[in-house]
Amino acid sequence: FTFLTVIYVFILLGNTLIVFTIACDHVLHTPMYFFLSNLSFIDVCHSSVVIPKMLADFLVEKKTISFGECIAQMFFLHLFACTEIFLLTVMAYDRYAAICKPMHYSTIMSHRVCLKLATAMWLGGLVHSITLTALTLNLPYCGPNTIDNFFCDVPLVIKLACTDTYVFEVLIISNSGLISVVCFVVLMISYVVILISLRNHFSEGRHKALSTCAAHLTVVTFFLGHCIFIYLRPAKSLAADKVVSVFFTTVAPLLNPVIYTLRNEDMQNAVRKL
């Protein structure tokens with residue numbers, strides 16, 4: 001309880017600091033930092049859906065959650081997780097435009113385009129979450145009522161249904177699983193193109209671009225790795241699920257402040273000024 005409470009406090013403070021720093025410093029009012037502030041906001045929301053309930057359960061012997069709270073937790077978990085997947089893909093496109101099309105970058109990633117991309121990723125996450133939640137609610141439940149994890153998720157909840165869930169499992173794989181895989185493939189392709197393009201850059205510019213891309217790729221690997229592991233297989237529990245889920249809900253949101261603040265000179269200067 002103490003260890004995860006400290007981590008949660010760092011997640012809240014670190015990501016909130018990033019959002020306020022970017023909002024207050026006009027130097028950081030660029031597409032890259034606009035999307036980074038969105039990422040920090042999503043991480044605060046995403047971790048807050050799961051961690052407070054998990055911490056409360058550490059303090060009681062009987063760990064329960066109502067059906068309504070379970071569905072709400074599942075809805076918001078998928079809303080923020082799917083939106084973050086789309087956001088990470090958009091951030092990769094932003095880096096591609098900045099590195100491979102520097103002369104046209106301000107046109108490609110104009111303020112209007114950034115707002116449209118942000119709206120599209122939030123709407124995409126909302127549609128995804130509503131779809132999965134609606135599918136889950138349409139199933140009949142009559143027991144058992146024990147979830148083999150510390151939070152409610154679609155694969156865990158549909159296992160409790162009193163009917164054959166094979167079709168629903170296929171729909172989950174074709175929805176969450178394919179979204180994760182397709183976005184991961186797109187991200188990998190974009191980074192290959194970026195690395196090829198970097199061969200023509202000067203050493204200093206190449207080092208800075210590689211540093212930015214390496215940080216982004218670290219976050220992507222942690223986050224999408226979990227999604228692919230959980231959602232690209234039938235709804236059955238494995239011993240590793242809980243360990244992977246802890247990384248998904250605590251380590252990944254903690255990485256953003258560490259990677260983007262401690263390793264970024266512009267953010268360091270902005271934090272000092274703030």
# chains A, B, ... in the order shown; residues from 1 in each chain; ligands from 1

$ residues_around --residues "A:Thr165" --least-positions-apart "2" --cutoff "12 Å" --atoms "only C-alpha atoms" --output "list of chain:residue names"
A:Leu135, A:Thr136, A:Asn138, A:Leu139, A:Pro140, A:Tyr141, A:Val154, A:Pro155, A:Leu156, A:Val157, A:Ile158, A:Lys159, A:Leu160, A:Ala161, A:Cys162, A:Thr163, A:Val167, A:Phe168, A:Glu169, A:Val170, A:Leu171, A:Ile172, A:Pro234, A:Ala235, A:Lys236

$ select_by_dssp --residues "stretch 7-227 of chain A" --states "helix (DSSP H, G or I)" --output "JSON, numbers by chain"
{"A": [7, 8, 9, 10, 11, 12, 13, 14, 15, 16, 17, 18, 19, 20, 21, 22, 23, 24, 26, 27, 28, 31, 32, 33, 34, 35, 36, 37, 38, 39, 40, 41, 42, 43, 44, 45, 46, 47, 48, 49, 50, 51, 52, 53, 54, 55, 56, 57, 58, 67, 68, 69, 70, 71, 72, 73, 74, 75, 76, 77, 78, 79, 80, 81, 82, 83, 84, 85, 86, 87, 88, 89, 90, 91, 92, 93, 94, 95, 96, 97, 98, 99, 100, 102, 103, 104, 105, 106, 107, 108, 111, 112, 113, 114, 115, 116, 117, 118, 119, 120, 121, 122, 123, 124, 125, 126, 127, 128, 129, 130, 131, 132, 133, 134, 135, 136, 137, 154, 155, 156, 157, 158, 166, 167, 168, 169, 170, 171, 172, 173, 174, 175, 176, 177, 178, 179, 180, 181, 182, 183, 184, 185, 186, 187, 188, 189, 190, 191, 192, 193, 194, 195, 196, 197, 198, 203, 204, 205, 206, 207, 208, 209, 210, 211, 212, 213, 214, 215, 216, 217, 218, 219, 220, 221, 222, 223, 224, 225, 226, 227]}

$ closest_residue --among "A:Val50, A:Leu36, A:Leu55, A:Val90" --to "A:Phe1" --atoms "only C-alpha atoms"
A:Leu55

$ residues_around --residues "A:Phe34" --least-positions-apart "4" --cutoff "10 Å" --atoms "only C-alpha atoms" --output "PyMOL selection string"
chain A and resi 19+22-23+28-30+38-39+91+111+114-115+118

$ atom_distance --atom1 "atom CA of A:Thr16" --atom2 "atom CA of A:Phe41"
7.3 Å

$ atom_distance --atom1 "atom CA of A:Phe151" --atom2 "atom CA of A:Lys242"
9.7 Å

$ closest_residue --among "A:Phe75, A:Tyr96, A:Phe247, A:Phe86" --to "A:Met32" --atoms "only C-alpha atoms"
A:Tyr96

$ atom_distance --atom1 "atom CA of A:Phe20" --atom2 "atom CA of A:Ala270"
10.2 Å

$ closest_residue --among "A:Arg95, A:Asn149, A:Leu198, A:Trp122" --to "A:Leu217" --atoms "only C-alpha atoms"
A:Arg95

$ closest_residue --among "A:Ile18, A:Leu87, A:Val44, A:Val49" --to "A:Phe150" --atoms "only C-alpha atoms"
A:Val49

$ closest_residue --among "A:Met188, A:Leu254, A:Cys82, A:Ile65" --to "A:Lys53" --atoms "only C-alpha atoms"
A:Ile65

$ closest_atom_pairs --of "stretch 43-156 of chain A" --to "stretch 220-228 of chain A" --cutoff "9 Å" --atoms "only C-alpha atoms" --output "tab-separated table"
residue	atom	partner	partner_atom	distance
A:Ala81	CA	A:Phe223	CA	8.8
A:Glu84	CA	A:Phe223	CA	8.9
A:Ile85	CA	A:Leu224	CA	7.3
A:Leu88	CA	A:Val220	CA	6.9
A:Thr89	CA	A:Val220	CA	8.9

$ residues_around --residues "A:Ile108" --least-positions-apart "2" --cutoff "12 Å" --atoms "only C-alpha atoms" --output "list of chain:residue names"
A:Pro31, A:Tyr93, A:Asp94, A:Arg95, A:Tyr96, A:Ala97, A:Ala98, A:Cys100, A:Lys101, A:Pro102, A:Met103, A:His104, A:Tyr105, A:Ser106, A:Ser110, A:His111, A:Arg112, A:Val113, A:Cys114, A:Leu117
